[in-house]
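Colleague: Got a structure for you, written out below as structure tokens; questions coming shortly.
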Amino acid sequence: YPNLSITSSMVSNYVKQGLLPKCVKKQYSRDQIMRLILITFGKTVLSMDDLKLLFELQSQTYPNEVAYNYFLLEFENVIKYIFGINDQMENIGTTNTLEKELLRNAIISFVHKMYVELTLDSKRKELKIED
């Protein structure tokens, strides 16, 4: 998926906006890298202010590692459903919180956007071949 690049100026901007803590001695922690991954996916469907609020809600509810693991499981779950591999989405985890529901819906929005863009790109290529 081509729109998921991260540049040093983007990282600097995320730090300035309070989405990402500053690195220490040019080294990023595991939590910072996880947050960069979440920002990269999330920014395609949410504003930076909304992402910041989601991070604040998440940090009040779940430890970073739990939230990131949930993101990975839910992302795979949603992709399999939207791309037609599974007939339905699974329930991931045992809790039902607003934060979890918000993240799931952000993931669904991103994957739907990705599906539409990839399908349209494929159709564009088909049309050029047939021309």
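The chains in the structure tokens are called A, B, ... from first to last as shown; in each chain the residues are counted from 1, and the ligands are counted from 1 in the order shown.
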Could you list, as number ranges by chain, every residue within 10 Å of Ser5 of chain A, counting only C-alpha atoms and ignoring same-chain residues fewer than 4 positions away?
Modeller: A: 1, 10, 37, 40-41
Colleague: If we count only C-alpha atoms and set the cut-off at 10 Å, which residues sit around segment 107-116 of chain A, ignoring sequence neighbours fewer than 6 positions away in its own chain? Please answer as a compact mmCIF listing (two decimals) with N, CA, C and O atoms, in the first residue's frame.
Modeller:
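Once everything was written out, this is out.txt:
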```
# COMPACT_ATOMS: atom_id res chain seq x y z
N TYR A 1 0.86 -1.17 0.00
CA TYR A 1 0.00 0.00 0.00
C TYR A 1 0.90 1.22 0.00
O TYR A 1 1.59 1.48 0.98
N ASN A 3 0.77 4.61 0.22
CA ASN A 3 0.64 5.88 0.93
C ASN A 3 1.07 5.81 2.40
O ASN A 3 0.67 6.63 3.19
N LEU A 38 0.83 3.35 14.21
CA LEU A 38 -0.58 3.71 14.37
C LEU A 38 -0.90 5.06 13.73
O LEU A 38 -1.96 5.22 13.12
N PHE A 41 -1.13 4.63 9.82
CA PHE A 41 -2.40 4.08 9.37
C PHE A 41 -3.54 5.06 9.65
O PHE A 41 -4.37 5.32 8.79
N GLY A 42 -3.57 5.58 10.87
CA GLY A 42 -4.69 6.40 11.30
C GLY A 42 -4.86 7.70 10.55
O GLY A 42 -5.98 8.16 10.30
N LYS A 43 -3.74 8.31 10.15
CA LYS A 43 -3.83 9.63 9.51
C LYS A 43 -4.52 9.59 8.16
O LYS A 43 -4.93 10.63 7.65
N THR A 44 -4.68 8.42 7.59
CA THR A 44 -5.36 8.33 6.29
C THR A 44 -6.88 8.50 6.43
O THR A 44 -7.55 8.78 5.45
N VAL A 45 -7.40 8.32 7.66
CA VAL A 45 -8.85 8.44 7.85
C VAL A 45 -9.24 9.38 8.99
O VAL A 45 -10.42 9.68 9.16
N LEU A 46 -8.28 9.83 9.78
CA LEU A 46 -8.57 10.69 10.93
C LEU A 46 -7.70 11.94 10.91
O LEU A 46 -6.59 11.92 10.38
N PHE A 71 -4.50 -3.81 18.27
CA PHE A 71 -4.50 -3.21 16.93
C PHE A 71 -4.08 -4.25 15.88
O PHE A 71 -4.74 -4.38 14.85
N LEU A 72 -2.99 -4.97 16.13
CA LEU A 72 -2.52 -5.96 15.17
C LEU A 72 -3.55 -7.05 14.92
O LEU A 72 -3.82 -7.42 13.76
N GLU A 74 -6.81 -6.97 15.51
CA GLU A 74 -8.01 -6.40 14.89
C GLU A 74 -7.76 -6.03 13.44
O GLU A 74 -8.63 -6.22 12.58
N PHE A 75 -6.59 -5.51 13.14
CA PHE A 75 -6.25 -5.16 11.77
C PHE A 75 -6.31 -6.40 10.87
O PHE A 75 -6.92 -6.38 9.80
N GLU A 76 -5.71 -7.48 11.32
CA GLU A 76 -5.75 -8.74 10.56
C GLU A 76 -7.19 -9.23 10.43
O GLU A 76 -7.61 -9.67 9.36
N ASN A 77 -7.95 -9.16 11.50
CA ASN A 77 -9.35 -9.57 11.51
C ASN A 77 -10.16 -8.79 10.48
O ASN A 77 -10.90 -9.38 9.69
N VAL A 78 -10.01 -7.49 10.47
CA VAL A 78 -10.78 -6.63 9.56
C VAL A 78 -10.35 -6.86 8.10
O VAL A 78 -11.20 -6.94 7.21
N ILE A 79 -9.06 -6.96 7.86
CA ILE A 79 -8.59 -7.20 6.49
C ILE A 79 -9.17 -8.51 5.94
O ILE A 79 -9.65 -8.55 4.81
N LYS A 80 -9.13 -9.55 6.74
CA LYS A 80 -9.66 -10.84 6.28
C LYS A 80 -11.14 -10.75 5.96
O LYS A 80 -11.61 -11.37 5.00
N TYR A 81 -11.87 -9.97 6.72
CA TYR A 81 -13.30 -9.83 6.47
C TYR A 81 -13.56 -8.97 5.23
O TYR A 81 -14.30 -9.37 4.33
N ILE A 82 -12.97 -7.81 5.16
CA ILE A 82 -13.26 -6.88 4.05
C ILE A 82 -12.75 -7.41 2.72
O ILE A 82 -13.38 -7.22 1.68
N PHE A 83 -11.63 -8.12 2.72
CA PHE A 83 -11.11 -8.67 1.48
C PHE A 83 -11.70 -10.05 1.16
O PHE A 83 -11.29 -10.71 0.22
N GLU A 101 -13.84 0.06 20.71
CA GLU A 101 -14.78 0.24 19.61
C GLU A 101 -14.32 1.35 18.66
O GLU A 101 -14.42 1.22 17.44
N SER A 122 -6.33 -1.46 -9.54
CA SER A 122 -6.34 -2.68 -10.36
C SER A 122 -7.18 -2.48 -11.62
O SER A 122 -6.77 -2.88 -12.72
```
Colleague: Do a neighbour search on Lys22 of chain A at 10 Å with only C-alpha atoms, toss out local chain neighbours closer than 6 positions, and write the hits as a PyMOL selection string.
Modeller: chain A and resi 11-12+14-16+28-29+32
Colleague: Can I get the selection written as a JSON list (two decimals), in the first residue's frame, with C-alpha atoms?
Modeller:
```json
[["chain", "number", "residue", "atom", "x", "y", "z"],
["A", 11, "VAL", "CA", 8.23, 12.49, 12.53],
["A", 12, "SER", "CA", 9.34, 15.99, 13.58],
["A", 14, "TYR", "CA", 4.27, 14.49, 14.96],
["A", 15, "VAL", "CA", 6.57, 15.43, 17.85],
["A", 16, "LYS", "CA", 5.64, 19.14, 17.50],
["A", 28, "TYR", "CA", 13.25, 5.50, 19.25],
["A", 29, "SER", "CA", 11.68, 3.24, 21.85],
["A", 32, "GLN", "CA", 7.38, 5.30, 19.87]]
```
Colleague: For a quick check of understanding, using only C-alpha atoms, which of A:Met89, A:Leu4, A:Met34, A:Leu53 has the smallest distance to Leu102 of chain A?
Modeller: A:Leu53
Colleague: Please report the interatomic distance between atom CA of Asn64 of chain A and atom CA of Asp31 of chain A in Å with one decimal.
Modeller: 6.7 Å
Colleague: Just give me the gap between atom CA of Lys52 of chain A and atom CA of Cys23 of chain A in Å, one decimal is fine.
Modeller: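 If I compute the distance from atom CA of Lys52 of chain A to atom CA of Cys23 of chain A, I get 17.8 Å.
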Colleague: Could you write out, as a short mmCIF file (atom, residue, chain, number, x, y, z; two decimals) with all heavy atoms, in the first residue's frame, all the residues of segment 12-98 of chain A that DSSP marks as helix (DSSP H, G or I)?
Modeller:
```cif
data_model
loop_
_atom_site.label_atom_id
_atom_site.label_comp_id
_atom_site.auth_asym_id
_atom_site.auth_seq_id
_atom_site.Cartn_x
_atom_site.Cartn_y
_atom_site.Cartn_z
N SER A 12 9.16 14.72 12.87
CA SER A 12 9.34 15.99 13.58
C SER A 12 8.00 16.69 13.78
O SER A 12 7.73 17.25 14.85
CB SER A 12 10.27 16.91 12.80
OG SER A 12 11.55 16.38 12.73
N ASN A 13 7.17 16.66 12.76
CA ASN A 13 5.84 17.27 12.85
C ASN A 13 4.98 16.57 13.91
O ASN A 13 4.27 17.23 14.66
CB ASN A 13 5.17 17.23 11.48
CG ASN A 13 3.91 18.06 11.43
OD1 ASN A 13 3.80 19.09 12.08
ND2 ASN A 13 2.95 17.59 10.66
N TYR A 14 5.04 15.24 13.97
CA TYR A 14 4.27 14.49 14.96
C TYR A 14 4.73 14.85 16.37
O TYR A 14 3.91 14.95 17.29
CB TYR A 14 4.39 12.99 14.75
CG TYR A 14 3.93 12.50 13.39
CD1 TYR A 14 4.47 11.36 12.82
CD2 TYR A 14 2.96 13.19 12.65
CE1 TYR A 14 4.07 10.91 11.58
CE2 TYR A 14 2.56 12.73 11.40
CZ TYR A 14 3.12 11.60 10.87
OH TYR A 14 2.71 11.14 9.65
N VAL A 15 6.03 15.04 16.54
CA VAL A 15 6.57 15.43 17.85
C VAL A 15 6.06 16.83 18.21
O VAL A 15 5.58 17.05 19.33
CB VAL A 15 8.12 15.39 17.86
CG1 VAL A 15 8.67 16.01 19.13
CG2 VAL A 15 8.60 13.94 17.71
N LYS A 16 6.11 17.76 17.26
CA LYS A 16 5.64 19.14 17.50
C LYS A 16 4.16 19.17 17.86
O LYS A 16 3.73 19.99 18.66
CB LYS A 16 5.88 20.02 16.28
CG LYS A 16 7.33 20.39 16.06
CD LYS A 16 7.49 21.21 14.80
CE LYS A 16 8.96 21.38 14.47
NZ LYS A 16 9.17 22.03 13.17
N ARG A 30 10.39 1.25 21.63
CA ARG A 30 9.38 0.35 21.04
C ARG A 30 8.01 1.04 21.02
O ARG A 30 7.29 0.97 20.03
CB ARG A 30 9.34 -0.94 21.87
CG ARG A 30 8.37 -1.95 21.38
CD ARG A 30 8.44 -3.17 22.27
NE ARG A 30 7.37 -4.06 21.93
CZ ARG A 30 7.47 -5.36 21.90
NH1 ARG A 30 8.60 -5.93 22.21
NH2 ARG A 30 6.45 -6.10 21.58
N ASP A 31 7.66 1.73 22.11
CA ASP A 31 6.37 2.43 22.17
C ASP A 31 6.29 3.53 21.12
O ASP A 31 5.23 3.74 20.51
CB ASP A 31 6.15 3.03 23.56
CG ASP A 31 5.74 1.99 24.58
OD1 ASP A 31 5.41 0.85 24.20
OD2 ASP A 31 5.76 2.32 25.79
N GLN A 32 7.39 4.24 20.88
CA GLN A 32 7.38 5.30 19.87
C GLN A 32 7.21 4.71 18.47
O GLN A 32 6.48 5.27 17.65
CB GLN A 32 8.67 6.11 19.94
CG GLN A 32 8.75 7.01 21.15
CD GLN A 32 10.13 7.59 21.31
OE1 GLN A 32 11.13 6.87 21.32
NE2 GLN A 32 10.19 8.91 21.44
N ILE A 33 7.85 3.60 18.20
CA ILE A 33 7.71 2.96 16.89
C ILE A 33 6.29 2.44 16.71
O ILE A 33 5.69 2.61 15.64
CB ILE A 33 8.77 1.84 16.71
CG1 ILE A 33 10.15 2.48 16.62
CG2 ILE A 33 8.47 1.00 15.48
CD1 ILE A 33 11.30 1.53 16.66
N MET A 34 5.72 1.86 17.76
CA MET A 34 4.33 1.40 17.68
C MET A 34 3.41 2.58 17.40
O MET A 34 2.51 2.50 16.57
CB MET A 34 3.92 0.71 18.99
CG MET A 34 4.56 -0.65 19.17
SD MET A 34 3.91 -1.57 20.58
CE MET A 34 4.62 -0.71 21.97
N ARG A 35 3.66 3.69 18.07
CA ARG A 35 2.82 4.87 17.87
C ARG A 35 2.99 5.41 16.44
O ARG A 35 2.01 5.83 15.82
CB ARG A 35 3.17 5.94 18.88
CG ARG A 35 2.19 7.09 18.85
CD ARG A 35 2.35 7.99 20.01
NE ARG A 35 1.66 7.44 21.14
CZ ARG A 35 1.01 8.17 22.03
NH1 ARG A 35 1.00 9.48 21.93
NH2 ARG A 35 0.38 7.61 23.04
N LEU A 36 4.20 5.39 15.90
CA LEU A 36 4.41 5.82 14.51
C LEU A 36 3.61 4.96 13.53
O LEU A 36 3.03 5.47 12.57
CB LEU A 36 5.89 5.76 14.15
CG LEU A 36 6.72 6.98 14.44
CD1 LEU A 36 8.20 6.69 14.20
CD2 LEU A 36 6.27 8.17 13.62
N ILE A 37 3.59 3.67 13.78
CA ILE A 37 2.81 2.77 12.92
C ILE A 37 1.32 3.13 13.00
O ILE A 37 0.64 3.23 11.98
CB ILE A 37 3.06 1.30 13.31
CG1 ILE A 37 4.49 0.91 12.95
CG2 ILE A 37 2.05 0.37 12.62
CD1 ILE A 37 4.95 -0.41 13.53
N LEU A 38 0.83 3.35 14.21
CA LEU A 38 -0.58 3.71 14.37
C LEU A 38 -0.90 5.06 13.73
O LEU A 38 -1.96 5.22 13.12
CB LEU A 38 -0.94 3.72 15.86
CG LEU A 38 -0.87 2.36 16.56
CD1 LEU A 38 -1.07 2.52 18.05
CD2 LEU A 38 -1.89 1.40 15.98
N ILE A 39 0.00 6.02 13.85
CA ILE A 39 -0.20 7.32 13.21
C ILE A 39 -0.25 7.16 11.69
O ILE A 39 -1.11 7.74 11.02
CB ILE A 39 0.92 8.32 13.60
CG1 ILE A 39 0.82 8.69 15.08
CG2 ILE A 39 0.87 9.57 12.73
CD1 ILE A 39 2.05 9.42 15.62
N THR A 40 0.66 6.37 11.15
CA THR A 40 0.74 6.19 9.71
C THR A 40 -0.55 5.62 9.15
O THR A 40 -1.05 6.09 8.12
CB THR A 40 1.93 5.28 9.36
OG1 THR A 40 3.12 5.87 9.89
CG2 THR A 40 2.08 5.11 7.86
N PHE A 41 -1.13 4.63 9.82
CA PHE A 41 -2.40 4.08 9.37
C PHE A 41 -3.54 5.06 9.65
O PHE A 41 -4.37 5.32 8.79
CB PHE A 41 -2.70 2.75 10.07
CG PHE A 41 -1.93 1.60 9.52
CD1 PHE A 41 -0.76 1.16 10.13
CD2 PHE A 41 -2.36 0.94 8.39
CE1 PHE A 41 -0.05 0.10 9.62
CE2 PHE A 41 -1.66 -0.13 7.86
CZ PHE A 41 -0.49 -0.56 8.48
N GLY A 42 -3.57 5.58 10.87
CA GLY A 42 -4.69 6.40 11.30
C GLY A 42 -4.86 7.70 10.55
O GLY A 42 -5.98 8.16 10.30
N MET A 48 -5.30 14.77 12.78
CA MET A 48 -4.26 14.64 13.80
C MET A 48 -4.84 14.88 15.20
O MET A 48 -4.45 14.22 16.16
CB MET A 48 -3.10 15.60 13.52
CG MET A 48 -2.33 15.25 12.28
SD MET A 48 -1.60 13.61 12.42
CE MET A 48 -0.81 13.48 10.85
N ASP A 49 -5.78 15.81 15.32
CA ASP A 49 -6.42 16.06 16.61
C ASP A 49 -7.19 14.83 17.08
O ASP A 49 -7.16 14.49 18.27
CB ASP A 49 -7.36 17.26 16.53
CG ASP A 49 -6.62 18.59 16.45
OD1 ASP A 49 -5.43 18.63 16.86
OD2 ASP A 49 -7.22 19.57 15.99
N ASP A 50 -7.88 14.16 16.16
CA ASP A 50 -8.61 12.95 16.54
C ASP A 50 -7.66 11.83 16.94
O ASP A 50 -7.91 11.09 17.89
CB ASP A 50 -9.52 12.49 15.40
CG ASP A 50 -10.73 13.39 15.23
OD1 ASP A 50 -11.03 14.19 16.14
OD2 ASP A 50 -11.39 13.28 14.18
N LEU A 51 -6.55 11.70 16.22
CA LEU A 51 -5.55 10.70 16.58
C LEU A 51 -4.99 10.98 17.98
O LEU A 51 -4.83 10.06 18.78
CB LEU A 51 -4.40 10.68 15.57
CG LEU A 51 -4.61 9.87 14.32
CD1 LEU A 51 -3.48 10.11 13.34
CD2 LEU A 51 -4.73 8.40 14.64
N LYS A 52 -4.70 12.23 18.24
CA LYS A 52 -4.18 12.61 19.55
C LYS A 52 -5.17 12.23 20.66
O LYS A 52 -4.79 11.68 21.69
CB LYS A 52 -3.86 14.10 19.58
CG LYS A 52 -3.11 14.54 20.81
CD LYS A 52 -2.70 16.00 20.67
CE LYS A 52 -1.92 16.44 21.88
NZ LYS A 52 -1.48 17.83 21.77
N LEU A 53 -6.45 12.51 20.43
CA LEU A 53 -7.47 12.15 21.41
C LEU A 53 -7.56 10.64 21.58
O LEU A 53 -7.67 10.14 22.71
CB LEU A 53 -8.83 12.74 21.00
CG LEU A 53 -10.00 12.43 21.93
CD1 LEU A 53 -9.71 12.88 23.36
CD2 LEU A 53 -11.27 13.07 21.39
N LEU A 54 -7.50 9.90 20.49
CA LEU A 54 -7.52 8.43 20.59
C LEU A 54 -6.35 7.93 21.43
O LEU A 54 -6.51 7.02 22.25
CB LEU A 54 -7.48 7.79 19.20
CG LEU A 54 -8.81 7.65 18.48
CD1 LEU A 54 -8.57 7.06 17.09
CD2 LEU A 54 -9.78 6.80 19.25
N PHE A 55 -5.16 8.49 21.23
CA PHE A 55 -4.00 8.08 22.02
C PHE A 55 -4.21 8.41 23.50
O PHE A 55 -3.85 7.61 24.37
CB PHE A 55 -2.72 8.75 21.52
CG PHE A 55 -2.20 8.19 20.23
CD1 PHE A 55 -1.66 9.04 19.27
CD2 PHE A 55 -2.22 6.84 19.96
CE1 PHE A 55 -1.17 8.54 18.07
CE2 PHE A 55 -1.73 6.33 18.77
CZ PHE A 55 -1.20 7.18 17.83
N GLU A 56 -4.79 9.57 23.77
CA GLU A 56 -5.03 9.95 25.17
C GLU A 56 -6.04 9.00 25.81
O GLU A 56 -5.83 8.55 26.95
CB GLU A 56 -5.53 11.39 25.26
CG GLU A 56 -4.45 12.42 24.95
CD GLU A 56 -4.98 13.83 24.83
OE1 GLU A 56 -6.14 14.10 25.26
OE2 GLU A 56 -4.24 14.69 24.30
N LEU A 57 -7.12 8.67 25.09
CA LEU A 57 -8.11 7.73 25.61
C LEU A 57 -7.50 6.35 25.83
O LEU A 57 -7.75 5.71 26.86
CB LEU A 57 -9.30 7.63 24.65
CG LEU A 57 -10.17 8.87 24.52
CD1 LEU A 57 -11.16 8.70 23.37
CD2 LEU A 57 -10.90 9.16 25.82
N GLN A 58 -6.71 5.91 24.87
CA GLN A 58 -6.07 4.60 24.98
C GLN A 58 -5.15 4.54 26.18
O GLN A 58 -5.16 3.57 26.94
CB GLN A 58 -5.32 4.28 23.69
CG GLN A 58 -4.41 3.07 23.75
CD GLN A 58 -2.98 3.42 24.15
OE1 GLN A 58 -2.37 4.27 23.54
NE2 GLN A 58 -2.46 2.76 25.14
N SER A 59 -4.36 5.57 26.39
CA SER A 59 -3.38 5.54 27.48
C SER A 59 -4.06 5.55 28.85
O SER A 59 -3.48 5.08 29.82
CB SER A 59 -2.39 6.70 27.36
OG SER A 59 -3.03 7.93 27.58
N GLN A 60 -5.29 6.05 28.92
CA GLN A 60 -6.04 6.02 30.18
C GLN A 60 -6.70 4.67 30.42
O GLN A 60 -7.10 4.38 31.54
CB GLN A 60 -7.12 7.11 30.17
CG GLN A 60 -6.58 8.51 30.13
CD GLN A 60 -7.67 9.54 29.88
OE1 GLN A 60 -8.86 9.23 29.87
NE2 GLN A 60 -7.27 10.79 29.68
N THR A 61 -6.81 3.85 29.36
CA THR A 61 -7.57 2.61 29.45
C THR A 61 -6.71 1.35 29.37
O THR A 61 -6.93 0.39 30.10
CB THR A 61 -8.63 2.56 28.32
OG1 THR A 61 -9.34 3.80 28.30
CG2 THR A 61 -9.60 1.43 28.54
N ASN A 64 0.24 0.50 26.56
CA ASN A 64 0.61 0.57 25.14
C ASN A 64 0.73 -0.79 24.49
O ASN A 64 0.25 -1.00 23.37
CB ASN A 64 1.92 1.34 24.96
CG ASN A 64 1.74 2.81 25.20
OD1 ASN A 64 0.63 3.34 25.19
ND2 ASN A 64 2.84 3.50 25.45
N GLU A 65 1.38 -1.72 25.15
CA GLU A 65 1.58 -3.05 24.56
C GLU A 65 0.26 -3.76 24.30
O GLU A 65 0.06 -4.37 23.26
CB GLU A 65 2.48 -3.91 25.46
CG GLU A 65 2.78 -5.25 24.87
CD GLU A 65 4.24 -5.45 24.57
OE1 GLU A 65 5.05 -4.55 24.83
OE2 GLU A 65 4.55 -6.53 24.06
N VAL A 66 -0.67 -3.66 25.24
CA VAL A 66 -1.99 -4.28 25.07
C VAL A 66 -2.72 -3.63 23.89
O VAL A 66 -3.30 -4.32 23.05
CB VAL A 66 -2.82 -4.16 26.37
CG1 VAL A 66 -4.27 -4.58 26.15
CG2 VAL A 66 -2.19 -4.98 27.48
N ALA A 67 -2.69 -2.31 23.83
CA ALA A 67 -3.37 -1.59 22.75
C ALA A 67 -2.77 -1.94 21.40
O ALA A 67 -3.50 -2.15 20.42
CB ALA A 67 -3.29 -0.08 23.00
N TYR A 68 -1.45 -2.01 21.32
CA TYR A 68 -0.81 -2.31 20.04
C TYR A 68 -1.11 -3.75 19.62
O TYR A 68 -1.41 -4.00 18.45
CB TYR A 68 0.70 -2.08 20.12
CG TYR A 68 1.38 -2.29 18.80
CD1 TYR A 68 1.18 -1.42 17.75
CD2 TYR A 68 2.22 -3.38 18.59
CE1 TYR A 68 1.78 -1.61 16.52
CE2 TYR A 68 2.83 -3.58 17.36
CZ TYR A 68 2.60 -2.70 16.33
OH TYR A 68 3.20 -2.92 15.12
N ASN A 69 -1.06 -4.69 20.55
CA ASN A 69 -1.39 -6.08 20.22
C ASN A 69 -2.83 -6.20 19.74
O ASN A 69 -3.13 -6.94 18.80
CB ASN A 69 -1.12 -7.00 21.40
CG ASN A 69 0.36 -7.23 21.62
OD1 ASN A 69 1.17 -7.11 20.71
ND2 ASN A 69 0.73 -7.53 22.85
N TYR A 70 -3.73 -5.48 20.40
CA TYR A 70 -5.12 -5.46 19.95
C TYR A 70 -5.20 -4.90 18.53
O TYR A 70 -5.91 -5.44 17.68
CB TYR A 70 -6.00 -4.64 20.90
CG TYR A 70 -7.39 -4.45 20.34
CD1 TYR A 70 -8.31 -5.50 20.35
CD2 TYR A 70 -7.76 -3.25 19.76
CE1 TYR A 70 -9.56 -5.34 19.80
CE2 TYR A 70 -9.02 -3.08 19.20
CZ TYR A 70 -9.92 -4.13 19.23
OH TYR A 70 -11.15 -3.98 18.67
N PHE A 71 -4.50 -3.81 18.27
CA PHE A 71 -4.50 -3.21 16.93
C PHE A 71 -4.08 -4.25 15.88
O PHE A 71 -4.74 -4.38 14.85
CB PHE A 71 -3.55 -2.01 16.88
CG PHE A 71 -3.29 -1.52 15.48
CD1 PHE A 71 -4.21 -0.71 14.82
CD2 PHE A 71 -2.13 -1.88 14.81
CE1 PHE A 71 -3.97 -0.28 13.53
CE2 PHE A 71 -1.88 -1.44 13.52
CZ PHE A 71 -2.82 -0.64 12.87
N LEU A 72 -2.99 -4.97 16.13
CA LEU A 72 -2.52 -5.96 15.17
C LEU A 72 -3.55 -7.05 14.92
O LEU A 72 -3.82 -7.42 13.76
CB LEU A 72 -1.21 -6.58 15.64
CG LEU A 72 0.01 -5.65 15.66
CD1 LEU A 72 1.21 -6.38 16.24
CD2 LEU A 72 0.32 -5.12 14.27
N LEU A 73 -4.12 -7.59 16.00
CA LEU A 73 -5.12 -8.65 15.86
C LEU A 73 -6.37 -8.15 15.14
O LEU A 73 -6.91 -8.82 14.26
CB LEU A 73 -5.50 -9.20 17.24
CG LEU A 73 -4.42 -9.99 17.97
CD1 LEU A 73 -4.86 -10.29 19.40
CD2 LEU A 73 -4.07 -11.27 17.23
N GLU A 74 -6.81 -6.97 15.51
CA GLU A 74 -8.01 -6.40 14.89
C GLU A 74 -7.76 -6.03 13.44
O GLU A 74 -8.63 -6.22 12.58
CB GLU A 74 -8.49 -5.19 15.68
CG GLU A 74 -9.87 -4.73 15.29
CD GLU A 74 -10.97 -5.72 15.65
OE1 GLU A 74 -11.49 -5.64 16.78
OE2 GLU A 74 -11.34 -6.55 14.78
N PHE A 75 -6.59 -5.51 13.14
CA PHE A 75 -6.25 -5.16 11.77
C PHE A 75 -6.31 -6.40 10.87
O PHE A 75 -6.92 -6.38 9.80
CB PHE A 75 -4.87 -4.51 11.71
CG PHE A 75 -4.49 -3.98 10.37
CD1 PHE A 75 -5.12 -2.84 9.86
CD2 PHE A 75 -3.52 -4.60 9.61
CE1 PHE A 75 -4.78 -2.35 8.61
CE2 PHE A 75 -3.19 -4.10 8.36
CZ PHE A 75 -3.82 -2.98 7.86
N GLU A 76 -5.71 -7.48 11.32
CA GLU A 76 -5.75 -8.74 10.56
C GLU A 76 -7.19 -9.23 10.43
O GLU A 76 -7.61 -9.67 9.36
CB GLU A 76 -4.88 -9.80 11.25
CG GLU A 76 -4.85 -11.11 10.51
CD GLU A 76 -3.97 -12.15 11.18
OE1 GLU A 76 -3.44 -11.89 12.27
OE2 GLU A 76 -3.82 -13.23 10.60
N ASN A 77 -7.95 -9.16 11.50
CA ASN A 77 -9.35 -9.57 11.51
C ASN A 77 -10.16 -8.79 10.48
O ASN A 77 -10.90 -9.38 9.69
CB ASN A 77 -9.89 -9.34 12.94
CG ASN A 77 -11.32 -9.75 13.13
OD1 ASN A 77 -11.82 -10.69 12.54
ND2 ASN A 77 -12.01 -9.04 14.01
N VAL A 78 -10.01 -7.49 10.47
CA VAL A 78 -10.78 -6.63 9.56
C VAL A 78 -10.35 -6.86 8.10
O VAL A 78 -11.20 -6.94 7.21
CB VAL A 78 -10.64 -5.15 9.97
CG1 VAL A 78 -11.24 -4.22 8.92
CG2 VAL A 78 -11.29 -4.91 11.33
N ILE A 79 -9.06 -6.96 7.86
CA ILE A 79 -8.59 -7.20 6.49
C ILE A 79 -9.17 -8.51 5.94
O ILE A 79 -9.65 -8.55 4.81
CB ILE A 79 -7.04 -7.23 6.42
CG1 ILE A 79 -6.50 -5.82 6.43
CG2 ILE A 79 -6.55 -7.96 5.18
CD1 ILE A 79 -5.02 -5.70 6.26
N LYS A 80 -9.13 -9.55 6.74
CA LYS A 80 -9.66 -10.84 6.28
C LYS A 80 -11.14 -10.75 5.96
O LYS A 80 -11.61 -11.37 5.00
CB LYS A 80 -9.40 -11.92 7.33
CG LYS A 80 -7.96 -12.36 7.38
CD LYS A 80 -7.74 -13.43 8.44
CE LYS A 80 -6.30 -13.90 8.46
NZ LYS A 80 -6.09 -14.92 9.51
N TYR A 81 -11.87 -9.97 6.72
CA TYR A 81 -13.30 -9.83 6.47
C TYR A 81 -13.56 -8.97 5.23
O TYR A 81 -14.30 -9.37 4.33
CB TYR A 81 -14.00 -9.23 7.70
CG TYR A 81 -15.43 -8.88 7.45
CD1 TYR A 81 -16.38 -9.88 7.26
CD2 TYR A 81 -15.84 -7.56 7.37
CE1 TYR A 81 -17.70 -9.57 7.00
CE2 TYR A 81 -17.15 -7.24 7.12
CZ TYR A 81 -18.09 -8.24 6.93
OH TYR A 81 -19.39 -7.92 6.68
N ILE A 82 -12.97 -7.81 5.16
CA ILE A 82 -13.26 -6.88 4.05
C ILE A 82 -12.75 -7.41 2.72
O ILE A 82 -13.38 -7.22 1.68
CB ILE A 82 -12.71 -5.47 4.37
CG1 ILE A 82 -13.54 -4.88 5.52
CG2 ILE A 82 -12.74 -4.56 3.15
CD1 ILE A 82 -13.08 -3.57 6.05
N LEU A 98 -15.42 1.73 24.96
CA LEU A 98 -15.54 2.74 23.91
C LEU A 98 -14.22 2.87 23.15
O LEU A 98 -14.21 2.96 21.92
CB LEU A 98 -15.93 4.09 24.51
CG LEU A 98 -15.95 5.27 23.54
CD1 LEU A 98 -17.01 5.06 22.45
CD2 LEU A 98 -16.19 6.57 24.27
#
```
Colleague: Grab the atom CA of Ser8 of chain A to atom CA of Lys26 of chain A distance for me, in Å with one decimal place.
Modeller: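 Answer for the atom CA of Ser8 of chain A to atom CA of Lys26 of chain A separation: 11.3 Å.
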